[in-house]
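*Asks:* Pasting model_38.tsv here (TSV, C-alpha atoms):
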chain	number	residue	atom	x	y	z
V	13	MET	CA	-17.66	42.25	-19.13
V	14	SER	CA	-18.60	38.57	-18.85
V	15	SER	CA	-20.61	36.71	-21.47
V	16	ALA	CA	-23.51	36.54	-18.99
V	17	ASP	CA	-23.53	40.33	-18.81
V	18	GLU	CA	-23.40	40.58	-22.58
V	19	SER	CA	-26.65	38.57	-22.81
V	20	LEU	CA	-28.59	41.25	-20.93
V	21	PRO	CA	-31.05	43.19	-23.10
V	22	ALA	CA	-30.55	46.86	-23.80
V	23	MET	CA	-33.05	49.57	-22.92
V	24	PRO	CA	-36.52	48.58	-24.18
V	25	ARG	CA	-37.55	50.18	-27.43
V	26	HIS	CA	-41.23	49.99	-26.57
V	27	ILE	CA	-42.82	50.22	-23.12
V	28	ALA	CA	-46.51	49.53	-22.55
V	29	VAL	CA	-48.20	50.57	-19.32
V	30	ILE	CA	-51.46	49.64	-17.59
V	31	MET	CA	-51.99	52.68	-15.42
V	32	ASP	CA	-53.85	51.23	-12.44
V	33	GLY	CA	-54.62	52.67	-9.03
V	34	ASN	CA	-55.96	56.19	-9.61
V	35	GLY	CA	-59.18	55.54	-7.69
V	36	ARG	CA	-57.45	53.82	-4.77
V	37	TRP	CA	-54.92	56.64	-4.57
V	38	ALA	CA	-57.75	59.18	-4.30
V	39	TYR	CA	-59.51	57.07	-1.66
V	40	ARG	CA	-56.36	56.93	0.47
V	41	GLN	CA	-56.01	60.69	0.14
V	42	HIS	CA	-59.69	61.15	1.14
V	43	LEU	CA	-60.33	62.75	-2.24
V	44	PRO	CA	-62.94	62.07	-4.97
V	45	ARG	CA	-61.92	59.53	-7.61
V	46	VAL	CA	-61.59	62.21	-10.25
V	47	ALA	CA	-58.71	63.71	-8.25
V	48	GLY	CA	-56.84	60.45	-8.73
V	49	HIS	CA	-57.43	60.56	-12.47
V	50	ARG	CA	-56.22	64.16	-12.63
V	51	ARG	CA	-53.05	63.27	-10.75
V	52	GLY	CA	-52.66	60.24	-13.01
V	53	ALA	CA	-52.75	62.54	-16.03
V	54	GLU	CA	-49.87	64.53	-14.56
V	55	VAL	CA	-47.88	61.32	-14.19
V	56	VAL	CA	-48.49	60.60	-17.87
V	57	ARG	CA	-46.72	63.86	-18.66
V	58	GLU	CA	-43.82	62.85	-16.40
V	59	MET	CA	-43.65	59.38	-17.98
V	60	VAL	CA	-43.50	60.86	-21.47
V	61	GLN	CA	-40.66	63.15	-20.43
V	62	SER	CA	-38.77	60.25	-18.84
V	63	CYS	CA	-39.02	58.20	-22.05
V	64	VAL	CA	-37.82	61.18	-24.09
V	65	ASP	CA	-34.87	61.65	-21.70
V	66	LEU	CA	-33.98	57.96	-21.83
V	67	GLY	CA	-34.26	57.69	-25.61
V	68	ILE	CA	-37.12	55.18	-25.56
V	69	PRO	CA	-38.89	55.64	-28.91
V	70	TYR	CA	-42.31	54.07	-28.21
V	71	LEU	CA	-44.67	54.34	-25.24
V	72	THR	CA	-48.18	52.85	-25.17
V	73	LEU	CA	-50.54	53.73	-22.30
V	74	PHE	CA	-53.84	51.99	-21.50
V	75	ALA	CA	-56.09	54.98	-20.84
V	76	PHE	CA	-59.64	53.62	-21.23
V	77	SER	CA	-60.67	50.05	-22.02
V	78	THR	CA	-63.73	48.73	-23.81
V	79	GLU	CA	-64.81	47.41	-20.41
V	80	ASN	CA	-64.46	50.76	-18.65
V	81	TRP	CA	-67.87	51.84	-20.00
V	82	ARG	CA	-69.26	49.66	-17.19
V	83	ARG	CA	-68.07	52.16	-14.60
V	84	PRO	CA	-70.52	54.65	-13.05
V	85	VAL	CA	-71.90	57.06	-15.63
V	86	LEU	CA	-70.57	60.11	-13.78
V	87	GLU	CA	-67.03	58.69	-13.64
V	88	VAL	CA	-67.07	57.86	-17.36
V	89	ARG	CA	-68.28	61.39	-18.12
V	90	LEU	CA	-65.51	62.88	-15.99
V	91	LEU	CA	-62.89	60.70	-17.68
V	92	MET	CA	-64.06	61.78	-21.13
V	93	ASN	CA	-64.00	65.42	-20.06
V	94	LEU	CA	-60.46	64.94	-18.76
V	95	PHE	CA	-59.50	63.38	-22.10
V	96	ARG	CA	-60.93	66.42	-23.92
V	97	LEU	CA	-58.98	68.76	-21.67
V	98	LEU	CA	-55.73	66.88	-22.16
V	99	LEU	CA	-56.11	66.87	-25.94
V	100	ARG	CA	-56.65	70.62	-25.95
V	101	ARG	CA	-53.83	71.41	-23.53
V	102	GLU	CA	-51.19	68.83	-24.33
V	103	ALA	CA	-51.20	68.42	-28.13
V	104	ARG	CA	-49.20	71.61	-28.70
V	105	LYS	CA	-46.74	70.72	-25.91
V	106	LEU	CA	-46.23	67.25	-27.34
V	107	HIS	CA	-45.58	68.74	-30.75
V	108	GLU	CA	-43.05	71.22	-29.38
V	109	ASN	CA	-41.19	68.34	-27.73
V	110	GLY	CA	-41.09	66.19	-30.87
V	111	VAL	CA	-43.66	63.65	-29.64
V	112	ARG	CA	-46.07	61.99	-32.03
V	113	LEU	CA	-49.50	61.21	-30.57
V	114	CYS	CA	-51.49	58.23	-31.82
V	115	ILE	CA	-54.85	57.11	-30.43
V	116	ILE	CA	-55.63	53.40	-30.76
V	117	GLY	CA	-59.02	51.82	-30.15
V	118	ASP	CA	-62.56	51.94	-31.45
V	119	ARG	CA	-63.30	55.63	-31.98
V	120	SER	CA	-66.90	55.08	-33.05
V	121	ALA	CA	-68.18	55.19	-29.45
V	122	LEU	CA	-66.42	58.49	-28.69
V	123	ASP	CA	-68.27	61.80	-28.93
V	124	ARG	CA	-67.85	63.65	-32.21
V	125	ASP	CA	-65.94	66.54	-30.66
V	126	ILE	CA	-63.46	64.12	-29.07
V	127	ARG	CA	-62.91	62.41	-32.42
V	128	GLN	CA	-62.26	65.81	-33.96
V	129	LEU	CA	-59.74	66.71	-31.24
V	130	VAL	CA	-58.00	63.36	-31.76
V	131	GLU	CA	-57.73	63.93	-35.51
V	132	GLU	CA	-56.34	67.43	-34.98
V	133	ALA	CA	-53.75	66.26	-32.42
V	134	GLU	CA	-52.64	63.37	-34.61
V	135	ALA	CA	-52.34	65.62	-37.66
V	136	LEU	CA	-50.34	68.21	-35.73
V	137	THR	CA	-47.83	65.68	-34.39
V	138	ARG	CA	-47.72	63.22	-37.31
V	139	ASN	CA	-44.18	63.99	-38.44
V	140	ASN	CA	-42.56	63.98	-34.99
V	141	ARG	CA	-40.00	61.24	-34.36
V	142	ARG	CA	-38.56	61.77	-30.88
V	143	LEU	CA	-41.18	59.57	-29.21
V	144	GLN	CA	-44.38	57.94	-30.40
V	145	LEU	CA	-46.98	58.09	-27.64
V	146	ASN	CA	-49.87	55.69	-28.19
V	147	LEU	CA	-52.94	56.22	-26.03
V	148	ALA	CA	-55.34	53.26	-25.95
V	149	VAL	CA	-58.85	54.72	-25.64
V	150	ASN	CA	-61.90	52.47	-25.90
V	151	TYR	CA	-59.40	49.75	-26.66
V	152	GLY	CA	-59.57	46.01	-25.99
V	153	GLY	CA	-57.23	43.28	-27.14
V	154	HIS	CA	-60.11	41.06	-28.25
V	155	TRP	CA	-61.58	43.93	-30.27
V	156	ASP	CA	-58.17	44.54	-31.86
V	157	ILE	CA	-57.82	40.93	-32.99
V	158	ALA	CA	-61.42	40.80	-34.24
V	159	GLN	CA	-61.11	43.97	-36.33
V	160	ALA	CA	-57.80	42.76	-37.76
V	161	ALA	CA	-59.32	39.38	-38.64
V	162	ARG	CA	-62.24	41.09	-40.39
V	163	ALA	CA	-59.84	43.21	-42.44
V	164	ALA	CA	-57.78	40.15	-43.36
V	165	MET	CA	-60.83	38.13	-44.35
V	166	ALA	CA	-62.06	41.05	-46.46
V	167	ALA	CA	-58.84	40.70	-48.43
V	168	VAL	CA	-59.62	37.00	-48.94
V	169	LEU	CA	-63.17	37.76	-50.10
V	170	ALA	CA	-61.84	40.42	-52.47
V	171	GLY	CA	-59.55	37.86	-54.05
V	172	GLU	CA	-56.42	39.64	-52.88
V	173	LEU	CA	-55.35	36.63	-50.80
V	174	ALA	CA	-55.97	32.90	-51.23
V	175	LEU	CA	-57.60	31.27	-48.20
V	176	GLU	CA	-54.98	28.51	-48.14
V	177	ASP	CA	-52.26	31.17	-47.87
V	178	PHE	CA	-53.95	32.90	-44.94
V	179	SER	CA	-51.70	33.01	-41.86
V	180	GLU	CA	-51.31	34.81	-38.56
V	181	ALA	CA	-49.04	37.28	-40.34
V	182	HIS	CA	-52.04	38.50	-42.34
V	183	ILE	CA	-53.91	39.26	-39.10
V	184	ALA	CA	-50.85	40.91	-37.53
V	185	ARG	CA	-50.54	43.45	-40.34
V	186	TYR	CA	-53.98	44.89	-39.53
V	187	LEU	CA	-53.55	45.12	-35.75
V	188	CYS	CA	-53.19	48.41	-33.95
V	189	LEU	CA	-49.48	49.22	-33.65
V	190	ALA	CA	-48.65	46.91	-36.57
V	191	ASP	CA	-46.17	49.45	-37.90
V	192	ILE	CA	-43.98	49.61	-34.76
V	193	PRO	CA	-42.08	47.02	-32.66
V	194	GLU	CA	-44.15	45.00	-30.22
V	195	PRO	CA	-43.69	46.01	-26.56
V	196	ASP	CA	-40.48	44.82	-24.92
V	197	LEU	CA	-41.72	45.66	-21.43
V	198	LEU	CA	-45.20	45.83	-19.91
V	199	ILE	CA	-45.55	47.70	-16.63
V	200	ARG	CA	-48.71	47.39	-14.56
V	201	THR	CA	-49.04	49.54	-11.48
V	202	GLY	CA	-51.41	49.18	-8.54
V	203	GLY	CA	-50.55	45.65	-7.41
V	204	GLU	CA	-52.73	43.69	-9.84
V	205	GLU	CA	-51.09	40.99	-11.96
V	206	ARG	CA	-53.08	40.58	-15.15
V	207	ILE	CA	-53.19	42.22	-18.57
V	208	SER	CA	-56.92	43.06	-18.54
V	209	ASN	CA	-57.49	42.61	-22.28
V	210	PHE	CA	-54.63	44.95	-23.21
V	211	LEU	CA	-52.59	44.23	-26.36
V	212	VAL	CA	-53.45	40.52	-26.10
V	213	TRP	CA	-51.71	39.62	-29.38
V	214	GLN	CA	-48.78	42.02	-29.08
V	215	LEU	CA	-47.70	40.92	-25.58
V	216	ALA	CA	-46.88	37.33	-26.56
V	217	TYR	CA	-43.14	37.73	-25.83
V	218	THR	CA	-43.20	40.87	-23.72
V	219	GLU	CA	-41.49	40.98	-20.32
V	220	PHE	CA	-43.96	41.79	-17.52
V	221	TYR	CA	-43.24	44.00	-14.52
V	222	PHE	CA	-45.89	44.33	-11.81
V	223	SER	CA	-45.57	47.15	-9.28
V	224	ASP	CA	-47.49	47.70	-6.05
V	225	THR	CA	-47.06	51.45	-6.56
V	226	LEU	CA	-50.31	53.18	-7.47
V	227	TRP	CA	-50.13	55.04	-10.78
V	228	PRO	CA	-50.32	58.57	-9.28
V	229	ASP	CA	-47.20	57.71	-7.25
V	230	PHE	CA	-45.29	56.10	-10.13
V	231	ASP	CA	-42.35	58.45	-10.57
V	232	ARG	CA	-39.00	58.38	-12.40
V	233	THR	CA	-37.45	56.25	-9.64
V	234	ALA	CA	-40.23	53.66	-9.95
V	235	LEU	CA	-39.69	53.57	-13.71
V	236	GLU	CA	-35.97	53.03	-13.21
V	237	TYR	CA	-36.69	50.03	-10.95
V	238	ALA	CA	-38.77	48.53	-13.76
V	239	LEU	CA	-35.98	49.16	-16.27
V	240	GLN	CA	-33.42	47.57	-13.95
V	241	SER	CA	-35.61	44.48	-13.68
V	242	PHE	CA	-35.89	44.32	-17.47
V	243	ALA	CA	-32.14	44.70	-17.88
V	244	HIS	CA	-31.50	41.54	-15.86
V	245	ARG	CA	-33.76	39.30	-17.90
V	246	GLN	CA	-32.68	37.01	-20.70
V	247	ARG	CA	-35.14	37.11	-23.57
V	248	ARG	CA	-35.12	33.73	-25.31
V	249	PHE	CA	-38.08	33.82	-27.75
V	250	GLY	CA	-38.39	30.03	-27.70
V	251	ARG	CA	-34.64	29.32	-27.68
V	252	THR	CA	-32.59	27.91	-24.82
V	253	GLY	CA	-30.44	30.11	-22.64
V	254	ASP	CA	-27.31	28.56	-24.10
V	255	GLN	CA	-28.43	29.39	-27.62
V	256	VAL	CA	-28.97	33.03	-26.64
V	257	LEU	CA	-25.48	33.20	-25.15
V	258	GLU	CA	-23.96	31.60	-28.26
V	259	ASP	CA	-25.75	34.05	-30.56
V	260	ASP	CA	-24.68	37.01	-28.41
V	261	CYS	CA	-21.06	35.82	-28.46
V	262	SER	CA	-21.19	35.38	-32.23
V	263	ALA	CA	-22.64	38.86	-32.67
V	264	SER	CA	-19.86	40.40	-30.57
V	265	ASP	CA	-17.06	38.68	-32.53
Represent the supplied structure as structure tokens.
*Replies:*
Amino acid sequence: MSSADESLPAMPRHIAVIMDGNGRWAYRQHLPRVAGHRRGAEVVREMVQSCVDLGIPYLTLFAFSTENWRRPVLEVRLLMNLFRLLLRREARKLHENGVRLCIIGDRSALDRDIRQLVEEAEALTRNNRRLQLNLAVNYGGHWDIAQAARAAMAAVLAGELALEDFSEAHIARYLCLADIPEPDLLIRTGGEERISNFLVWQLAYTEFYFSDTLWPDFDRTALEYALQSFAHRQRRFGRTGDQVLEDDCSASD
């Protein structure tokens, strides 16, 4: 294998996904939008299984953003009902397959029964280690940074941290997903090419992959195309390409 090949990254440890295109898929199928969301939920199950099969330990899915409350009231209600149904049906299956479920986002706006279902699902799967599935529900990257900054400043006000010592690392420790690696690969389906306020802080050095495939059609083959694209990228993290090659050669000696 050449040194150029040796510089290619391995399988991503953490994949983040913006699942876009459910409504357009339903429209093209002459179905109501909720049918697209239901099919999208089935694809989530398939995506989880693919990550388990491939040995990818972390998967974060953007399920409902802080901005999605602006959608029609009926659609929001249907999405929340679908979330309830999935929590009831899937938590036990996730547990049986060694998957830990974590919900990230502002839970205060969710109905009480949904919060209870979330707590029960998280408690049931807490000790599983095969895959950590993070579902972002009522999540926004700006909200995440703001709540982390408030927590960090509370430490300053409590005298636990001197203001002159305050750094970005003190914000990072309070962010959602602070206890796991930041995403290596972001996949967005549906043809749009933006992050839509998703993991704004955590995506600083993430590789992006944009797919025209609508989320309900995003199958194992589509995932493998994304992984192939990732595998042919050189991740430099501020270094030059030559430095990366030198470090890789040194590590292989």
*Asks:* Quick one: pull the distance between atom CA of V:Arg247 and atom CA of V:Glu219, Å, one decimal.
*Replies:*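 Atom-to-atom, atom CA of V:Arg247 and atom CA of V:Glu219 are spaced 8.1 Å apart.
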*Asks:* Can you work out which one of V:Tyr221, V:Phe230, V:Trp155, V:Trp213 has the shortest atom-to-atom distance to V:Gly52, counting all atoms listed in the file?
*Replies:* V:Phe230
*Asks:* Quick one: pull the distance between atom CA of V:Cys63 and atom CA of V:Gln41, Å, one decimal.
*Replies:* 28.1 Å
*Asks:* Find the residues of stretch 185-217 of chain V that sit at most 9 Å from stretch 238-242 of chain V; for each, write down the nearest two atoms and how far apart they are in Å, to one decimal. Count only C-alpha atoms. Sort by chain, then by number going up, and give it as JSON lines.
*Replies:*
{"residue": "V:Asp196", "atom": "CA", "partner": "V:Phe242", "partner_atom": "CA", "distance": 8.8}
{"residue": "V:Leu197", "atom": "CA", "partner": "V:Phe242", "partner_atom": "CA", "distance": 7.2}
{"residue": "V:Ile199", "atom": "CA", "partner": "V:Ala238", "partner_atom": "CA", "distance": 7.4}
*Asks:* To one decimal in Å, tell me the separation between atom CA of V:Arg112 and atom CA of V:Leu145.
*Replies:*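 Taking atom CA of V:Arg112 as the start and atom CA of V:Leu145 as the end point, the length is 5.9 Å.
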*Asks:* Please determine, counting all atoms listed in the file, which residue among V:Gly110, V:Pro193, V:Pro84, V:Gly33 has the shortest atom-to-atom distance to V:Ala47.
*Replies:*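 Smallest separation from V:Ala47 among the options: V:Gly33.
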*Asks:* Please write as a list in words the list of polymer residues whose atoms come within 9 Å of (-56.3, 58.8, -9.7), counting only C-alpha atoms and keeping to the coordinates of the file.
*Replies:* Asp32, Gly33, Asn34, Gly35, Arg36, Trp37, Ala38, Tyr39, Pro44, Arg45, Val46, Ala47, Gly48, His49, Arg50, Arg51, Gly52, Ala53, Leu226, Trp227 and Pro228 of chain V
*Asks:* Give the answer as one residue: which of V:Glu79, V:Ala161, V:Glu194, V:Glu134 has the shortest atom-to-atom distance to V:Phe178, using only C-alpha atoms?
*Replies:* V:Ala161
*Asks:* Please check which residues have atoms at most 8 Å from (-53.6, 43.9, -37.9) in the file's coordinates, counting only C-alpha atoms, and write them as JSON, numbers by chain.
*Replies:* {"V": [156, 157, 159, 160, 161, 163, 164, 182, 183, 184, 185, 186, 187, 188, 189, 190]}
*Asks:* Step by step: locate stretch 16-147 of chain V in the block above, keep C-alpha atoms, then write the file as a JSON list (two decimals), in the first residue's frame.
*Replies:*
[["chain", "number", "residue", "atom", "x", "y", "z"],
["V", 16, "ALA", "CA", -1.03, 8.11, -0.04],
["V", 17, "ASP", "CA", -3.31, 5.17, 0.70],
["V", 18, "GLU", "CA", -2.05, 5.03, 4.27],
["V", 19, "SER", "CA", -3.20, 8.63, 4.81],
["V", 20, "LEU", "CA", -6.83, 7.72, 4.18],
["V", 21, "PRO", "CA", -9.02, 7.83, 7.29],
["V", 22, "ALA", "CA", -10.56, 4.69, 8.71],
["V", 23, "MET", "CA", -14.27, 4.13, 9.16],
["V", 24, "PRO", "CA", -15.81, 7.12, 10.97],
["V", 25, "ARG", "CA", -16.38, 6.63, 14.67],
["V", 26, "HIS", "CA", -19.27, 9.07, 14.73],
["V", 27, "ILE", "CA", -21.77, 9.79, 11.95],
["V", 28, "ALA", "CA", -24.28, 12.64, 12.18],
["V", 29, "VAL", "CA", -27.25, 12.79, 9.82],
["V", 30, "ILE", "CA", -29.69, 15.51, 8.79],
["V", 31, "MET", "CA", -32.61, 13.41, 7.62],
["V", 32, "ASP", "CA", -34.16, 15.61, 4.94],
["V", 33, "GLY", "CA", -36.75, 14.87, 2.28],
["V", 34, "ASN", "CA", -39.58, 13.01, 4.01],
["V", 35, "GLY", "CA", -42.24, 15.48, 2.86],
["V", 36, "ARG", "CA", -40.97, 15.63, -0.72],
["V", 37, "TRP", "CA", -40.82, 11.84, -0.87],
["V", 38, "ALA", "CA", -44.48, 11.64, 0.19],
["V", 39, "TYR", "CA", -45.46, 14.31, -2.35],
["V", 40, "ARG", "CA", -43.80, 12.37, -5.17],
["V", 41, "GLN", "CA", -45.62, 9.24, -4.04],
["V", 42, "HIS", "CA", -48.94, 11.17, -3.95],
["V", 43, "LEU", "CA", -49.17, 10.43, -0.23],
["V", 44, "PRO", "CA", -49.75, 12.69, 2.82],
["V", 45, "ARG", "CA", -46.60, 14.11, 4.43],
["V", 46, "VAL", "CA", -47.01, 11.90, 7.47],
["V", 47, "ALA", "CA", -46.46, 8.86, 5.23],
["V", 48, "GLY", "CA", -43.02, 10.23, 4.43],
["V", 49, "HIS", "CA", -42.22, 10.63, 8.11],
["V", 50, "ARG", "CA", -43.38, 7.09, 8.82],
["V", 51, "ARG", "CA", -41.18, 5.71, 6.05],
["V", 52, "GLY", "CA", -38.34, 7.89, 7.35],
["V", 53, "ALA", "CA", -38.70, 6.26, 10.76],
["V", 54, "GLU", "CA", -38.25, 2.85, 9.13],
["V", 55, "VAL", "CA", -35.05, 4.09, 7.51],
["V", 56, "VAL", "CA", -33.80, 5.14, 10.95],
["V", 57, "ARG", "CA", -34.13, 1.52, 12.03],
["V", 58, "GLU", "CA", -32.19, 0.41, 8.95],
["V", 59, "MET", "CA", -29.49, 3.05, 9.55],
["V", 60, "VAL", "CA", -29.04, 1.90, 13.14],
["V", 61, "GLN", "CA", -28.65, -1.69, 12.00],
["V", 62, "SER", "CA", -26.11, -0.68, 9.34],
["V", 63, "CYS", "CA", -24.00, 1.17, 11.92],
["V", 64, "VAL", "CA", -24.14, -1.84, 14.25],
["V", 65, "ASP", "CA", -23.08, -4.13, 11.39],
["V", 66, "LEU", "CA", -20.22, -1.82, 10.40],
["V", 67, "GLY", "CA", -18.97, -1.33, 13.95],
["V", 68, "ILE", "CA", -19.62, 2.42, 14.01],
["V", 69, "PRO", "CA", -20.04, 3.29, 17.71],
["V", 70, "TYR", "CA", -21.88, 6.64, 17.52],
["V", 71, "LEU", "CA", -24.80, 7.83, 15.40],
["V", 72, "THR", "CA", -26.54, 11.19, 15.85],
["V", 73, "LEU", "CA", -29.77, 11.90, 13.96],
["V", 74, "PHE", "CA", -31.46, 15.30, 13.62],
["V", 75, "ALA", "CA", -35.09, 14.38, 14.28],
["V", 76, "PHE", "CA", -36.77, 17.69, 15.20],
["V", 77, "SER", "CA", -35.18, 21.13, 15.34],
["V", 78, "THR", "CA", -36.04, 24.13, 17.47],
["V", 79, "GLU", "CA", -37.24, 25.74, 14.23],
["V", 80, "ASN", "CA", -39.55, 22.86, 13.31],
["V", 81, "TRP", "CA", -42.21, 24.21, 15.68],
["V", 82, "ARG", "CA", -42.94, 26.69, 12.87],
["V", 83, "ARG", "CA", -44.41, 23.92, 10.74],
["V", 84, "PRO", "CA", -48.20, 23.48, 10.51],
["V", 85, "VAL", "CA", -49.73, 22.56, 13.85],
["V", 86, "LEU", "CA", -51.17, 19.30, 12.52],
["V", 87, "GLU", "CA", -47.79, 18.17, 11.16],
["V", 88, "VAL", "CA", -46.04, 18.95, 14.46],
["V", 89, "ARG", "CA", -48.73, 17.00, 16.32],
["V", 90, "LEU", "CA", -48.30, 14.03, 13.99],
["V", 91, "LEU", "CA", -44.51, 14.13, 14.39],
["V", 92, "MET", "CA", -44.81, 14.13, 18.18],
["V", 93, "ASN", "CA", -47.26, 11.23, 18.04],
["V", 94, "LEU", "CA", -44.83, 9.34, 15.83],
["V", 95, "PHE", "CA", -42.06, 10.05, 18.34],
["V", 96, "ARG", "CA", -44.25, 8.64, 21.13],
["V", 97, "LEU", "CA", -44.96, 5.53, 19.10],
["V", 98, "LEU", "CA", -41.31, 4.96, 18.30],
["V", 99, "LEU", "CA", -40.27, 5.33, 21.93],
["V", 100, "ARG", "CA", -42.85, 2.76, 22.98],
["V", 101, "ARG", "CA", -42.07, 0.29, 20.19],
["V", 102, "GLU", "CA", -38.35, 0.66, 19.67],
["V", 103, "ALA", "CA", -36.80, 1.10, 23.13],
["V", 104, "ARG", "CA", -37.00, -2.62, 23.94],
["V", 105, "LYS", "CA", -35.64, -3.56, 20.49],
["V", 106, "LEU", "CA", -32.74, -1.14, 20.86],
["V", 107, "HIS", "CA", -31.95, -2.61, 24.26],
["V", 108, "GLU", "CA", -32.01, -6.17, 22.94],
["V", 109, "ASN", "CA", -29.53, -5.15, 20.23],
["V", 110, "GLY", "CA", -27.13, -3.45, 22.63],
["V", 111, "VAL", "CA", -27.96, 0.09, 21.51],
["V", 112, "ARG", "CA", -27.94, 2.98, 23.95],
["V", 113, "LEU", "CA", -30.51, 5.70, 23.25],
["V", 114, "CYS", "CA", -29.80, 9.31, 24.21],
["V", 115, "ILE", "CA", -32.10, 12.25, 23.47],
["V", 116, "ILE", "CA", -30.40, 15.63, 23.09],
["V", 117, "GLY", "CA", -32.18, 18.97, 22.98],
["V", 118, "ASP", "CA", -34.40, 21.15, 25.12],
["V", 119, "ARG", "CA", -36.92, 18.76, 26.69],
["V", 120, "SER", "CA", -38.88, 21.50, 28.46],
["V", 121, "ALA", "CA", -41.13, 22.10, 25.43],
["V", 122, "LEU", "CA", -42.02, 18.41, 25.07],
["V", 123, "ASP", "CA", -45.22, 17.02, 26.56],
["V", 124, "ARG", "CA", -44.87, 15.42, 29.97],
["V", 125, "ASP", "CA", -45.67, 11.92, 28.74],
["V", 126, "ILE", "CA", -42.99, 12.19, 26.04],
["V", 127, "ARG", "CA", -40.43, 13.28, 28.63],
["V", 128, "GLN", "CA", -41.40, 10.27, 30.73],
["V", 129, "LEU", "CA", -41.02, 7.90, 27.77],
["V", 130, "VAL", "CA", -37.60, 9.43, 27.01],
["V", 131, "GLU", "CA", -36.44, 8.93, 30.60],
["V", 132, "GLU", "CA", -37.63, 5.32, 30.60],
["V", 133, "ALA", "CA", -35.94, 4.52, 27.28],
["V", 134, "GLU", "CA", -32.68, 6.12, 28.35],
["V", 135, "ALA", "CA", -32.71, 4.29, 31.68],
["V", 136, "LEU", "CA", -33.43, 0.96, 29.99],
["V", 137, "THR", "CA", -30.56, 1.30, 27.49],
["V", 138, "ARG", "CA", -28.04, 3.23, 29.61],
["V", 139, "ASN", "CA", -25.50, 0.44, 29.98],
["V", 140, "ASN", "CA", -25.49, -0.68, 26.33],
["V", 141, "ARG", "CA", -22.23, -0.18, 24.45],
["V", 142, "ARG", "CA", -22.69, -1.62, 20.95],
["V", 143, "LEU", "CA", -23.91, 1.69, 19.50],
["V", 144, "GLN", "CA", -24.90, 5.01, 21.03],
["V", 145, "LEU", "CA", -27.85, 6.45, 19.13],
["V", 146, "ASN", "CA", -28.38, 10.15, 19.79],
["V", 147, "LEU", "CA", -31.70, 11.60, 18.66]]
